[in-house]
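Chemist: Below is protein.pdb; it holds PDB, C-alpha atoms, pLDDT in the B column.
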```
MODEL        1
ATOM      1  CA  MET A  19       0.000   0.000   0.000  1.00 50.00           C
ATOM      2  CA  GLN A  20       1.193   3.471  -0.779  1.00 87.00           C
ATOM      3  CA  GLU A  21       2.177   5.575   2.220  1.00 93.00           C
ATOM      4  CA  ALA A  22       1.211   8.678   0.214  1.00 95.00           C
ATOM      5  CA  LEU A  23      -2.365   7.447  -0.081  1.00 96.00           C
ATOM      6  CA  ILE A  24      -2.609   6.740   3.631  1.00 96.00           C
ATOM      7  CA  GLN A  25      -1.304  10.198   4.539  1.00 96.00           C
ATOM      8  CA  ILE A  26      -3.720  11.959   2.176  1.00 97.00           C
ATOM      9  CA  VAL A  27      -6.658   9.866   3.388  1.00 97.00           C
ATOM     10  CA  LEU A  28      -5.820  10.547   7.044  1.00 96.00           C
ATOM     11  CA  TYR A  29      -5.511  14.276   6.370  1.00 95.00           C
ATOM     12  CA  THR A  30      -8.870  14.302   4.575  1.00 95.00           C
ATOM     13  CA  ILE A  31     -10.534  12.386   7.391  1.00 95.00           C
ATOM     14  CA  LYS A  32      -9.100  14.845   9.927  1.00 92.00           C
ATOM     15  CA  GLU A  33     -10.409  17.720   7.801  1.00 89.00           C
ATOM     16  CA  ASN A  34     -13.940  16.311   7.642  1.00 88.00           C
ATOM     17  CA  TYR A  35     -14.492  14.230  10.771  1.00 91.00           C
ATOM     18  CA  HIS A  36     -14.003  14.832  14.463  1.00 88.00           C
ATOM     19  CA  THR A  37     -11.836  11.721  14.809  1.00 91.00           C
ATOM     20  CA  GLU A  38     -10.569   8.806  12.748  1.00 94.00           C
ATOM     21  CA  LYS A  39     -12.820   6.584  14.849  1.00 93.00           C
ATOM     22  CA  ASP A  40     -15.848   8.598  13.754  1.00 92.00           C
ATOM     23  CA  PHE A  41     -14.922   7.833  10.162  1.00 94.00           C
ATOM     24  CA  TYR A  42     -14.001   4.180  10.357  1.00 94.00           C
ATOM     25  CA  SER A  43     -16.844   3.248  12.688  1.00 91.00           C
ATOM     26  CA  SER A  44     -19.557   5.147  10.816  1.00 91.00           C
ATOM     27  CA  GLN A  45     -18.382   4.717   7.231  1.00 93.00           C
ATOM     28  CA  LEU A  46     -16.416   1.470   7.269  1.00 92.00           C
ATOM     29  CA  SER A  47     -17.859  -0.391  10.231  1.00 81.00           C
ATOM     30  CA  ILE A  48     -14.496  -1.953  11.020  1.00 90.00           C
ATOM     31  CA  SER A  49     -12.688  -2.334  14.290  1.00 92.00           C
ATOM     32  CA  GLN A  50      -9.935  -0.085  15.560  1.00 94.00           C
ATOM     33  CA  GLU A  51      -7.519  -2.989  15.167  1.00 96.00           C
ATOM     34  CA  ASN A  52      -8.396  -3.475  11.496  1.00 94.00           C
ATOM     35  CA  TRP A  53      -8.223   0.259  10.892  1.00 95.00           C
ATOM     36  CA  GLN A  54      -4.735   0.330  12.394  1.00 95.00           C
ATOM     37  CA  ARG A  55      -3.702  -2.709  10.360  1.00 94.00           C
ATOM     38  CA  TRP A  56      -4.959  -1.001   7.175  1.00 94.00           C
ATOM     39  CA  LYS A  57      -2.969   2.132   7.993  1.00 94.00           C
ATOM     40  CA  GLU A  58       0.126  -0.014   8.461  1.00 93.00           C
ATOM     41  CA  GLY A  59      -0.441  -1.750   5.123  1.00 90.00           C
ATOM     42  CA  GLU A  60      -1.056  -5.153   6.692  1.00 92.00           C
ATOM     43  CA  ILE A  61      -4.563  -5.698   5.327  1.00 91.00           C
ATOM     44  CA  SER A  62      -6.698  -4.549   2.432  1.00 91.00           C
ATOM     45  CA  LEU A  63     -10.196  -3.236   2.789  1.00 92.00           C
ATOM     46  CA  LYS A  64     -13.293  -4.799   1.295  1.00 93.00           C
ATOM     47  CA  PRO A  65     -14.347  -3.183  -2.013  1.00 94.00           C
ATOM     48  CA  LYS A  66     -17.275  -1.373  -0.361  1.00 94.00           C
ATOM     49  CA  ASP A  67     -14.906   0.046   2.270  1.00 94.00           C
ATOM     50  CA  GLU A  68     -12.409   1.087  -0.415  1.00 94.00           C
ATOM     51  CA  GLN A  69     -15.297   2.907  -2.081  1.00 96.00           C
ATOM     52  CA  SER A  70     -15.994   4.740   1.185  1.00 95.00           C
ATOM     53  CA  ILE A  71     -12.371   5.930   1.157  1.00 96.00           C
ATOM     54  CA  ILE A  72     -12.729   7.074  -2.458  1.00 97.00           C
ATOM     55  CA  ASN A  73     -15.956   8.876  -1.549  1.00 96.00           C
ATOM     56  CA  LEU A  74     -13.952  11.179   0.728  1.00 96.00           C
ATOM     57  CA  PHE A  75     -12.917  12.890  -2.513  1.00 97.00           C
ATOM     58  CA  THR A  76     -14.660  14.243  -5.579  1.00 96.00           C
ATOM     59  CA  ASP A  77     -13.895  12.396  -8.809  1.00 96.00           C
ATOM     60  CA  TYR A  78     -11.443  15.111  -9.829  1.00 97.00           C
ATOM     61  CA  GLU A  79      -9.768  15.124  -6.415  1.00 98.00           C
ATOM     62  CA  TRP A  80      -9.418  11.330  -6.567  1.00 98.00           C
ATOM     63  CA  MET A  81      -7.658  11.706  -9.911  1.00 98.00           C
ATOM     64  CA  LEU A  82      -5.272  14.201  -8.276  1.00 98.00           C
ATOM     65  CA  VAL A  83      -4.674  11.754  -5.409  1.00 98.00           C
ATOM     66  CA  GLN A  84      -3.732   9.069  -7.943  1.00 97.00           C
ATOM     67  CA  LYS A  85      -1.287  11.432  -9.638  1.00 97.00           C
ATOM     68  CA  VAL A  86       0.331  12.359  -6.329  1.00 97.00           C
ATOM     69  CA  ILE A  87       0.667   8.661  -5.432  1.00 96.00           C
ATOM     70  CA  ARG A  88       2.321   8.000  -8.788  1.00 96.00           C
ATOM     71  CA  ASN A  89       4.660  10.982  -8.401  1.00 96.00           C
ATOM     72  CA  ALA A  90       5.559   9.867  -4.877  1.00 96.00           C
ATOM     73  CA  THR A  91       7.123   6.762  -6.402  1.00 94.00           C
ATOM     74  CA  PHE A  92       9.393   8.892  -8.620  1.00 95.00           C
ATOM     75  CA  PHE A  93      10.120  12.044  -6.648  1.00 95.00           C
ATOM     76  CA  PRO A  94      11.458  11.901  -3.079  1.00 94.00           C
ATOM     77  CA  GLU A  95      10.129  15.386  -2.272  1.00 95.00           C
ATOM     78  CA  VAL A  96       6.596  14.253  -3.146  1.00 95.00           C
ATOM     79  CA  GLU A  97       7.068  11.004  -1.239  1.00 95.00           C
ATOM     80  CA  MET A  98       8.132  12.982   1.845  1.00 96.00           C
ATOM     81  CA  HIS A  99       5.251  15.490   1.628  1.00 97.00           C
ATOM     82  CA  PRO A 100       2.317  13.961  -0.268  1.00 97.00           C
ATOM     83  CA  VAL A 101      -0.366  15.905   1.610  1.00 96.00           C
ATOM     84  CA  GLU A 102       1.276  19.239   0.822  1.00 96.00           C
ATOM     85  CA  GLU A 103       1.658  18.163  -2.816  1.00 96.00           C
ATOM     86  CA  TYR A 104      -1.990  17.133  -3.017  1.00 96.00           C
ATOM     87  CA  LEU A 105      -3.275  20.315  -1.366  1.00 95.00           C
ATOM     88  CA  GLY A 106      -0.965  22.468  -3.459  1.00 94.00           C
ATOM     89  CA  ILE A 107      -2.077  21.044  -6.792  1.00 95.00           C
ATOM     90  CA  LYS A 108      -5.727  21.002  -5.706  1.00 95.00           C
ATOM     91  CA  PHE A 109      -5.592  24.670  -4.737  1.00 93.00           C
ATOM     92  CA  HIS A 110      -3.612  25.593  -7.866  1.00 94.00           C
ATOM     93  CA  VAL A 111      -6.201  23.958 -10.137  1.00 96.00           C
ATOM     94  CA  ALA A 112      -9.087  25.553  -8.216  1.00 94.00           C
ATOM     95  CA  LYS A 113      -7.544  29.013  -8.666  1.00 93.00           C
ATOM     96  CA  LYS A 114      -6.939  28.340 -12.389  1.00 95.00           C
ATOM     97  CA  TRP A 115     -10.572  27.332 -12.838  1.00 95.00           C
ATOM     98  CA  VAL A 116     -11.854  30.410 -11.021  1.00 94.00           C
ATOM     99  CA  ASN A 117      -9.480  32.772 -12.818  1.00 92.00           C
ATOM    100  CA  SER A 118     -10.561  31.318 -16.179  1.00 93.00           C
ATOM    101  CA  GLY A 119     -14.047  32.683 -15.561  1.00 92.00           C
ATOM    102  CA  ALA A 120     -15.626  29.316 -16.373  1.00 92.00           C
ATOM    103  CA  ALA A 121     -15.959  27.928 -12.852  1.00 93.00           C
ATOM    104  CA  GLU A 122     -19.037  28.046 -10.674  1.00 93.00           C
ATOM    105  CA  LEU A 123     -18.619  28.580  -6.933  1.00 93.00           C
ATOM    106  CA  ALA A 124     -21.089  27.661  -4.224  1.00 92.00           C
ATOM    107  CA  PHE A 125     -21.121  26.575  -0.631  1.00 91.00           C
ATOM    108  CA  GLN A 126     -22.133  22.951  -0.183  1.00 85.00           C
ATOM    109  CA  GLN A 127     -25.589  22.553   1.261  1.00 73.00           C
ATOM    110  CA  ASP A 128     -25.971  20.194   4.223  1.00 63.00           C
ATOM    111  CA  ASN A 129     -28.163  17.810   2.257  1.00 55.00           C
ATOM    112  CA  GLU A 130     -25.785  17.476  -0.720  1.00 53.00           C
ATOM    113  CA  LYS A 131     -23.771  14.584   0.687  1.00 54.00           C
ATOM    114  CA  GLU A 132     -25.463  11.634   2.272  1.00 47.00           C
ATOM    115  CA  THR A 133     -22.320  11.053   4.352  1.00 44.00           C
ATOM    116  CA  ILE A 134     -22.984  14.151   6.425  1.00 47.00           C
ATOM    117  CA  ASN A 135     -24.059  12.957   9.836  1.00 55.00           C
ATOM    118  CA  GLN A 136     -23.378  13.534  13.498  1.00 55.00           C
ATOM    119  CA  HIS A 137     -19.743  12.465  13.023  1.00 60.00           C
ATOM    120  CA  ARG A 138     -18.894  15.153  10.474  1.00 64.00           C
ATOM    121  CA  LYS A 139     -17.353  18.439  11.533  1.00 63.00           C
ATOM    122  CA  LYS A 140     -19.851  21.249  11.616  1.00 67.00           C
ATOM    123  CA  ASN A 141     -17.535  24.185  12.325  1.00 75.00           C
ATOM    124  CA  SER A 142     -16.337  24.230   8.734  1.00 80.00           C
ATOM    125  CA  THR A 143     -17.958  24.830   5.387  1.00 86.00           C
ATOM    126  CA  ILE A 144     -17.210  23.342   1.996  1.00 90.00           C
ATOM    127  CA  LEU A 145     -16.648  25.661  -0.943  1.00 91.00           C
ATOM    128  CA  LYS A 146     -17.421  23.794  -4.164  1.00 95.00           C
ATOM    129  CA  ILE A 147     -15.673  24.909  -7.326  1.00 95.00           C
ATOM    130  CA  GLU A 148     -17.152  23.285 -10.404  1.00 95.00           C
ATOM    131  CA  MET A 149     -16.159  23.214 -14.048  1.00 95.00           C
ATOM    132  CA  ASN A 150     -19.024  22.325 -16.344  1.00 91.00           C
ATOM    133  CA  TYR A 151     -18.004  21.186 -19.800  1.00 88.00           C
ATOM    134  CA  ASP A 152     -21.522  21.424 -21.263  1.00 85.00           C
ATOM    135  CA  PHE A 153     -21.482  17.713 -21.921  1.00 86.00           C
ATOM    136  CA  TRP A 154     -24.045  15.640 -20.082  1.00 83.00           C
ATOM    137  CA  SER A 155     -22.771  14.190 -16.786  1.00 82.00           C
ATOM    138  CA  TYR A 156     -19.235  15.536 -17.207  1.00 88.00           C
ATOM    139  CA  LYS A 157     -18.494  18.103 -14.562  1.00 92.00           C
ATOM    140  CA  ASP A 158     -15.396  18.374 -12.416  1.00 96.00           C
ATOM    141  CA  CYS A 159     -15.499  19.566  -8.836  1.00 96.00           C
ATOM    142  CA  ILE A 160     -12.950  20.559  -6.227  1.00 96.00           C
ATOM    143  CA  GLU A 161     -14.021  21.106  -2.641  1.00 94.00           C
ATOM    144  CA  LEU A 162     -12.128  23.396  -0.300  1.00 92.00           C
ATOM    145  CA  SER A 163     -12.781  23.167   3.423  1.00 88.00           C
ATOM    146  CA  LEU A 164     -12.970  26.604   5.033  1.00 86.00           C
ATOM    147  CA  PRO A 165     -13.891  27.857   8.505  1.00 82.00           C
ATOM    148  CA  GLY A 166     -17.684  27.994   8.794  1.00 79.00           C
ATOM    149  CA  ILE A 167     -17.580  31.662   9.734  1.00 82.00           C
ATOM    150  CA  ILE A 168     -16.512  32.517   6.166  1.00 82.00           C
ATOM    151  CA  GLN A 169     -19.880  31.535   4.718  1.00 82.00           C
ATOM    152  CA  GLN A 170     -21.688  33.533   7.402  1.00 81.00           C
ATOM    153  CA  GLN A 171     -19.538  36.611   6.739  1.00 79.00           C
ATOM    154  CA  ILE A 172     -20.127  36.482   2.992  1.00 82.00           C
ATOM    155  CA  GLU A 173     -23.863  36.014   3.390  1.00 79.00           C
ATOM    156  CA  THR A 174     -24.130  38.744   6.058  1.00 77.00           C
ATOM    157  CA  GLU A 175     -22.097  41.245   4.051  1.00 76.00           C
ATOM    158  CA  LYS A 176     -23.857  40.174   0.842  1.00 72.00           C
ATOM    159  CA  GLN A 177     -20.478  39.930  -0.833  1.00 72.00           C
ATOM    160  CA  ASP A 178     -20.232  38.074  -4.125  1.00 81.00           C
ATOM    161  CA  LEU A 179     -18.604  34.669  -3.593  1.00 83.00           C
ATOM    162  CA  LEU A 180     -16.430  34.959  -6.709  1.00 84.00           C
ATOM    163  CA  GLU A 181     -15.222  38.383  -5.613  1.00 84.00           C
ATOM    164  CA  TRP A 182     -14.473  37.066  -2.118  1.00 84.00           C
ATOM    165  CA  PHE A 183     -12.551  34.096  -3.552  1.00 85.00           C
ATOM    166  CA  LYS A 184     -10.321  36.254  -5.733  1.00 83.00           C
ATOM    167  CA  GLU A 185      -9.601  38.706  -2.912  1.00 82.00           C
ATOM    168  CA  ASN A 186      -9.339  36.457   0.141  1.00 79.00           C
ATOM    169  CA  ILE A 187      -8.800  32.785  -0.618  1.00 83.00           C
ATOM    170  CA  GLU A 188      -5.030  32.988  -0.166  1.00 79.00           C
ATOM    171  CA  ASP A 189      -5.595  34.156   3.426  1.00 76.00           C
ATOM    172  CA  HIS A 190      -7.905  31.283   4.331  1.00 69.00           C
ATOM    173  CA  TYR A 191      -6.618  28.321   2.379  1.00 66.00           C
ATOM    174  CA  THR A 192      -2.929  27.817   2.861  1.00 59.00           C
ATOM    175  CA  VAL A 193      -0.898  24.816   1.930  1.00 56.00           C
TER     176      VAL A 193
ENDMDL
END
```
Taking this structure as input, can you express it in the form of structure tokens?
Modeler:
Amino acid sequence: MQEALIQIVLYTIKENYHTEKDFYSSQLSISQENWQRWKEGEISLKPKDEQSIINLFTDYEWMLVQKVIRNATFFPEVEMHPVEEYLGIKFHVAKKWVNSGAAELAFQQDNEKETINQHRKKNSTILKIEMNYDFWSYKDCIELSLPGIIQQQIETEKQDLLEWFKENIEDHYTV
């Protein structure tokens, strides 16, 4: 098993769940021992549990994860810092999409993901950046986790989300 994958998955779980236990017990229904063994590369997960890991990411993000894993096998600096590499490329692509003028930005609504439950963090908000290619069912999405107060500030000040992103995202999403 790739250490890069494990590090990125653990970071993403930490970003979205209160604890690892909240994730593996609610999404994977496996024991702490098996979770630990998976993290150490001793066991594989069942296909449905692997899918739960993949579901932590959007399709586009999962593609980026795969590229980082591949690059970690070739480049020692990526192998040593896969999370930073993943977040860096994810943020870089998100900014490119927004700056192109073709992206759509929106805060994720609570009912958009069926995985949102009592185990998910509620003090953060998800900013969805989507690229629609005007071809049925082909849309790419990157999700950035931001402090929940950001959404409240934008809505209270009635500031345009695109304007806020271009002016402030560097301050709130650092790699």
Chemist: Would you kindly identify which residues have an atom no farther than 10 Å from (-9.3, 26.2, -9.0), using only C-alpha atoms and the file's own coordinates, and write them out as a short mmCIF file (atom, residue, chain, number, x, y, z; two decimals) with C-alpha atoms, keeping the file's coordinate frame?
Modeler:
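Result file is result_17.cif:
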```
data_model
loop_
_atom_site.label_atom_id
_atom_site.label_comp_id
_atom_site.auth_asym_id
_atom_site.auth_seq_id
_atom_site.Cartn_x
_atom_site.Cartn_y
_atom_site.Cartn_z
CA ILE A 107 -2.08 21.04 -6.79
CA LYS A 108 -5.73 21.00 -5.71
CA PHE A 109 -5.59 24.67 -4.74
CA HIS A 110 -3.61 25.59 -7.87
CA VAL A 111 -6.20 23.96 -10.14
CA ALA A 112 -9.09 25.55 -8.22
CA LYS A 113 -7.54 29.01 -8.67
CA LYS A 114 -6.94 28.34 -12.39
CA TRP A 115 -10.57 27.33 -12.84
CA VAL A 116 -11.85 30.41 -11.02
CA ASN A 117 -9.48 32.77 -12.82
CA SER A 118 -10.56 31.32 -16.18
CA ALA A 121 -15.96 27.93 -12.85
CA LEU A 123 -18.62 28.58 -6.93
CA LYS A 146 -17.42 23.79 -4.16
CA ILE A 147 -15.67 24.91 -7.33
CA GLU A 148 -17.15 23.28 -10.40
CA MET A 149 -16.16 23.21 -14.05
CA CYS A 159 -15.50 19.57 -8.84
CA ILE A 160 -12.95 20.56 -6.23
CA GLU A 161 -14.02 21.11 -2.64
CA LEU A 162 -12.13 23.40 -0.30
#
```
Chemist: Can you work out the spacing between atom CA of A:Tyr104 and atom CA of A:Asn73 in Å, to one decimal?
Modeler: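 Separation of atom CA of A:Tyr104 and atom CA of A:Asn73: 16.3 Å.
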Chemist: Which centre and edge lengths in Å to one decimal define the box along x, y and z that fits every listed atom of stretch 76-92 of chain A plus 6 Å per side, as lines of an AutoDock Vina configuration file?
Modeler:
```
center_x = -2.6
center_y = 10.9
center_z = -7.4
size_x = 36.1
size_y = 20.4
size_z = 17.0
```
Chemist: To one decimal in Å, tell me the separation between atom CA of A:Phe183 and atom CA of A:Gly106.
Modeler: 16.4 Å
Chemist: Near A:Gln170, counting all atoms listed in the file, which residues have an atom at most 12 Å away, once you skip same-chain residues fewer than 4 positions from it, shown as a list in words?
Modeler: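 Answer for this query is Phe125, Asn141, Ser142, Thr143, Leu164, Pro165, Gly166, Thr174, Glu175, Lys176, Gln177 and Leu179 of chain A.
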Chemist: Give me, as a VMD selection string, all polymer residues having an atom no more than 9 Å from A:Tyr29, counting only C-alpha atoms and skipping those fewer than 5 positions away in the same chain.
Modeler: chain A and resid 24 34 101
Chemist: What's the separation between atom CA of A:Lys57 and atom CA of A:Ile71, in Å to one decimal place?
Modeler: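 These atoms are spaced 12.2 Å apart.
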Chemist: Closest to A:Pro94 among A:Ile187, A:Ala22, A:Ile48, A:Ile167, using all atoms listed in the file?
Modeler: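 Smallest separation from A:Pro94 among the options: A:Ala22.
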Chemist: For A:Gly59, please output as a list in words all residues within 9 Å (counting only C-alpha atoms; exclusion window: fewer than 5 positions along the same chain).
Modeler: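 In the requested format, the answer is Met19, Gln20, Glu21, Ile24 and Gln54 of chain A.
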Chemist: Just the selected residues (C-alpha atoms), exported as a PDB file, keeping the file's coordinate frame, please.
Modeler:
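Output file part.pdb is given in full below:
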```
ATOM      1  CA  MET A  19       0.000   0.000   0.000  1.00 50.00           C
ATOM      2  CA  GLN A  20       1.193   3.471  -0.779  1.00 87.00           C
ATOM      3  CA  GLU A  21       2.177   5.575   2.220  1.00 93.00           C
ATOM      4  CA  ILE A  24      -2.609   6.740   3.631  1.00 96.00           C
ATOM      5  CA  GLN A  54      -4.735   0.330  12.394  1.00 95.00           C
TER       6      GLN A  54
END
```
Chemist: When distances are computed from all atoms listed in the file, which of A:Glu79, A:Glu68, A:Gln50, A:Phe153 shows the smallest separation from A:Ile26?
Modeler: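 Looking only at the distances to A:Ile26, the closest residue turns out to be A:Glu79.
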Chemist: Write out as a VMD selection string each polymer residue whose atoms come within 12 Å of A:Gln84, counting all atoms listed in the file; drop sequence neighbours fewer than 3 positions from it.
Modeler: chain A and resid 20 22 to 24 26 to 27 72 75 77 to 81 87 to 91 100 103 to 104
Chemist: For each of A:Thr30, A:Gln169, A:Gln25, A:Ser155, take the minimum atom-to-atom distance to A:Glu97, counting all atoms listed in the file, then give the residue where this is smallest.
Modeler: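 The closest residue to A:Glu97 is A:Gln25.
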Chemist: Restricting the calculation to all atoms listed in the file: of A:Tyr42, A:Thr76, A:Leu145, A:Gln126, which residue gets closest to A:Leu63?
Modeler: A:Tyr42
Chemist: A:Lys66, A:Glu33, A:Ile172, A:Ile61: which is nearest A:Gln45, counting all atoms listed in the file?
Modeler: A:Lys66
Chemist: Have a look at A:Ser44, A:Val86, A:Asp178, A:Trp53 and name the one nearest to A:His99; count only C-alpha atoms.
Modeler: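 Closest to A:His99, using only C-alpha atoms: A:Val86.
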